[in-house]
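J.: Here you go, my_file-v7.cif (mmCIF, C-alpha atoms):
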```cif
data_run
#
loop_
_atom_site.group_PDB
_atom_site.id
_atom_site.type_symbol
_atom_site.label_atom_id
_atom_site.label_comp_id
_atom_site.auth_asym_id
_atom_site.auth_seq_id
_atom_site.Cartn_x
_atom_site.Cartn_y
_atom_site.Cartn_z
ATOM 1 C CA MET R 1270 -74.695 131.662 -80.491
ATOM 2 C CA ARG R 1271 -75.516 129.411 -83.429
ATOM 3 C CA ALA R 1272 -76.316 125.802 -82.532
ATOM 4 C CA ARG R 1273 -74.335 123.115 -84.353
ATOM 5 C CA PRO R 1274 -76.041 120.092 -85.884
ATOM 6 C CA TYR R 1275 -75.252 116.681 -84.438
ATOM 7 C CA ALA R 1276 -73.601 114.075 -86.680
ATOM 8 C CA TYR R 1277 -76.959 112.288 -87.130
ATOM 9 C CA HIS R 1278 -78.621 115.534 -88.201
ATOM 10 C CA LYS R 1279 -75.836 116.164 -90.730
ATOM 11 C CA ASP R 1280 -76.363 112.667 -92.125
ATOM 12 C CA VAL R 1281 -80.120 113.235 -92.487
ATOM 13 C CA ILE R 1282 -79.538 116.599 -94.175
ATOM 14 C CA GLY R 1283 -77.064 115.153 -96.668
ATOM 15 C CA ARG R 1284 -79.249 112.177 -97.554
ATOM 16 C CA LEU R 1285 -82.365 114.355 -97.805
ATOM 17 C CA ILE R 1286 -80.734 116.784 -100.240
ATOM 18 C CA GLY R 1287 -79.704 113.791 -102.356
ATOM 19 C CA GLU R 1288 -83.286 112.481 -102.300
ATOM 20 C CA VAL R 1289 -84.692 115.883 -103.283
ATOM 21 C CA TYR R 1290 -82.433 116.114 -106.347
ATOM 22 C CA ALA R 1291 -83.083 112.471 -107.277
ATOM 23 C CA ASN R 1292 -86.831 113.168 -107.180
ATOM 24 C CA VAL R 1293 -86.421 116.247 -109.362
ATOM 25 C CA SER R 1294 -84.524 114.212 -111.960
ATOM 26 C CA ARG R 1295 -87.173 111.455 -111.857
ATOM 27 C CA HIS R 1296 -90.375 113.482 -111.798
ATOM 28 C CA ALA R 1297 -89.789 116.985 -113.215
ATOM 29 C CA PRO R 1298 -90.164 117.521 -116.954
ATOM 30 C CA SER R 1299 -87.060 118.290 -118.988
ATOM 31 C CA GLY R 1300 -86.578 122.043 -119.204
ATOM 32 C CA GLY R 1301 -88.954 122.727 -116.307
ATOM 33 C CA LYS R 1302 -88.217 125.199 -113.534
ATOM 34 C CA CYS R 1303 -86.807 124.032 -110.209
ATOM 35 C CA GLU R 1304 -85.742 125.922 -107.087
ATOM 36 C CA VAL R 1305 -84.106 124.380 -104.005
ATOM 37 C CA PRO R 1306 -83.210 127.102 -101.509
ATOM 38 C CA VAL R 1307 -81.516 126.017 -98.268
ATOM 39 C CA LEU R 1308 -81.849 128.387 -95.319
ATOM 40 C CA VAL R 1309 -79.571 128.012 -92.295
ATOM 41 C CA LYS R 1310 -81.107 129.534 -89.182
ATOM 42 C CA THR R 1311 -79.777 129.788 -85.644
ATOM 43 C CA HIS R 1312 -81.314 126.506 -84.462
ATOM 44 C CA SER R 1313 -82.439 124.783 -87.644
ATOM 45 C CA LEU R 1314 -81.964 124.258 -91.348
ATOM 46 C CA GLU R 1315 -84.816 124.557 -93.861
ATOM 47 C CA ILE R 1316 -84.923 123.035 -97.322
ATOM 48 C CA THR R 1317 -87.637 124.082 -99.753
ATOM 49 C CA GLU R 1318 -88.118 122.680 -103.226
ATOM 50 C CA VAL R 1319 -90.544 123.899 -105.877
ATOM 51 C CA ASN R 1320 -90.597 122.456 -109.369
ATOM 52 C CA ASP R 1321 -92.836 121.974 -112.370
ATOM 53 C CA MET R 1322 -94.441 118.549 -112.569
ATOM 54 C CA GLY R 1323 -96.019 118.866 -115.971
ATOM 55 C CA ALA R 1324 -99.431 117.553 -116.993
ATOM 56 C CA ARG R 1325 -98.614 113.912 -116.264
ATOM 57 C CA HIS R 1326 -98.858 114.328 -112.480
ATOM 58 C CA SER R 1327 -101.725 115.492 -110.347
ATOM 59 C CA GLY R 1328 -102.050 114.810 -106.653
ATOM 60 C CA SER R 1329 -100.006 111.857 -105.437
ATOM 61 C CA LEU R 1330 -96.738 110.782 -106.977
ATOM 62 C CA PRO R 1331 -95.743 107.331 -108.125
ATOM 63 C CA GLY R 1332 -92.599 105.743 -106.772
ATOM 64 C CA GLY R 1333 -90.982 104.637 -103.575
ATOM 65 C CA HIS R 1334 -91.183 105.612 -99.957
ATOM 66 C CA GLY R 1335 -88.126 107.875 -99.668
ATOM 67 C CA LEU R 1336 -89.853 111.043 -98.487
ATOM 68 C CA ARG R 1337 -92.136 109.125 -96.111
ATOM 69 C CA GLN R 1338 -89.070 107.570 -94.508
ATOM 70 C CA PHE R 1339 -87.423 110.982 -94.211
ATOM 71 C CA ALA R 1340 -90.583 112.465 -92.703
ATOM 72 C CA ALA R 1341 -90.474 109.840 -89.938
ATOM 73 C CA GLU R 1342 -86.761 110.420 -89.301
ATOM 74 C CA ILE R 1343 -87.124 114.199 -89.230
ATOM 75 C CA GLU R 1344 -90.205 114.135 -86.992
ATOM 76 C CA HIS R 1345 -88.301 111.815 -84.608
ATOM 77 C CA ILE R 1346 -85.694 114.570 -84.061
ATOM 78 C CA GLY R 1347 -88.323 117.314 -83.673
ATOM 79 C CA GLY R 1348 -88.497 118.611 -87.243
ATOM 80 C CA SER R 1349 -91.104 118.566 -89.968
ATOM 81 C CA LEU R 1350 -91.474 117.591 -93.629
ATOM 82 C CA SER R 1351 -94.411 118.436 -95.870
ATOM 83 C CA THR R 1352 -95.218 117.994 -99.558
ATOM 84 C CA ASP R 1353 -97.979 119.109 -101.875
ATOM 85 C CA CYS R 1354 -98.723 119.055 -105.581
ATOM 86 C CA GLU R 1355 -101.160 121.577 -107.027
ATOM 87 C CA ASN R 1356 -101.745 122.757 -110.573
ATOM 88 C CA GLY R 1357 -98.669 120.938 -111.858
ATOM 89 C CA ILE R 1358 -96.344 122.421 -109.213
ATOM 90 C CA TRP R 1359 -94.584 120.188 -106.660
ATOM 91 C CA MET R 1360 -93.809 121.801 -103.292
ATOM 92 C CA PHE R 1361 -91.607 120.345 -100.574
ATOM 93 C CA HIS R 1362 -90.469 121.822 -97.263
ATOM 94 C CA ALA R 1363 -88.374 120.329 -94.472
ATOM 95 C CA ARG R 1364 -87.195 121.866 -91.195
ATOM 96 C CA ILE R 1365 -84.431 120.051 -89.357
ATOM 97 C CA PRO R 1366 -83.553 121.277 -85.862
ATOM 98 C CA PHE R 1367 -79.937 121.433 -84.715
ATOM 99 C CA ASP R 1368 -80.669 120.895 -81.045
#
```
Here is a file; write its structure as structure tokens.

T.:
Amino acid sequence: MRARPYAYHKDVIGRLIGEVYANVSRHAPSGGKCEVPVLVKTHSLEITEVNDMGARHSGSLPGGHGLRQFAAEIEHIGGSLSTDCENGIWMFHARIPFD
């Protein structure tokens, strides 16, 4: 039987997807590649994002604290969020448990 996400989890998922796309529009170069697959599993949902960053970024990103805030929220409910930027490619992965 597939677990159903709680209302709070649904809220986190919706806000996180919005943050991911906002970050792509802010940081990815025009015409660059971007993939955002969402995988629904029996007891969790996984969001992965991979996009070109271009030559202007290497290592840490400028900007706010959106993903750090989400990492804390997701870890509080037993999930995980990780990011990395290597060779001009931004990588993001979040796992949000349903139960």

J.: Can you turn the PyMOL selection byres ((chain R and resi 1319) around 10) into a concrete residue list for this file, as a PyMOL selection string?

T.: chain R and resi 1293+1302-1306+1317-1318+1320-1322+1352-1354+1358-1362

J.: Could you jot down the CA of His1312 in chain R to CA of Asp1368 in chain R separation for me, Å, one decimal place?

T.: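 Between CA of His1312 in chain R and CA of Asp1368 in chain R the gap is 6.6 Å.
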
J.: Give me the residues within 8 Å of His1278 in chain R as number ranges by chain, counting only C-alpha atoms and dropping any in the same chain fewer than 3 places off.

T.: R: 1274-1275, 1281-1282, 1365-1367

J.: Once the PyMOL selection byres ((chain R and resi 1315) around 8) has been applied to the shown file, what residues remain in the selection, as number ranges by chain?

T.: R: 1307-1310, 1313-1314, 1316-1317, 1362-1365

J.: Near Leu1336 in chain R, counting only C-alpha atoms, which residues have an atom at most 9 Å away, once you skip same-chain residues fewer than 3 positions from it, shown as an mmCIF file with C-alpha atoms, in the coordinates of the input?

T.:
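Output file out.cif follows:
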```cif
data_model
loop_
_atom_site.group_PDB
_atom_site.id
_atom_site.type_symbol
_atom_site.label_atom_id
_atom_site.label_comp_id
_atom_site.auth_asym_id
_atom_site.auth_seq_id
_atom_site.Cartn_x
_atom_site.Cartn_y
_atom_site.Cartn_z
ATOM 1 C CA LEU R 1285 -82.365 114.355 -97.805
ATOM 2 C CA GLU R 1288 -83.286 112.481 -102.300
ATOM 3 C CA VAL R 1289 -84.692 115.883 -103.283
ATOM 4 C CA GLY R 1333 -90.982 104.637 -103.575
ATOM 5 C CA PHE R 1339 -87.423 110.982 -94.211
ATOM 6 C CA ALA R 1340 -90.583 112.465 -92.703
ATOM 7 C CA ALA R 1341 -90.474 109.840 -89.938
ATOM 8 C CA LEU R 1350 -91.474 117.591 -93.629
ATOM 9 C CA THR R 1352 -95.218 117.994 -99.558
#
```

J.: Could you please determine the separation between CA of Ser1349 in chain R and CA of Gly1287 in chain R in Å, to one decimal place?

T.: 17.5 Å

J.: In Å to one decimal, how far is CA of His1296 in chain R from CA of Gly1283 in chain R?

T.: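 Straight-line distance from CA of Gly1283 in chain R to CA of His1296 in chain R works out to 20.2 Å.
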
J.: So which one's closest to Ile1346 in chain R, R:Thr1311, R:Tyr1277, R:Arg1284, R:Pro1298? Using all atoms listed in the file, please.

T.: R:Tyr1277
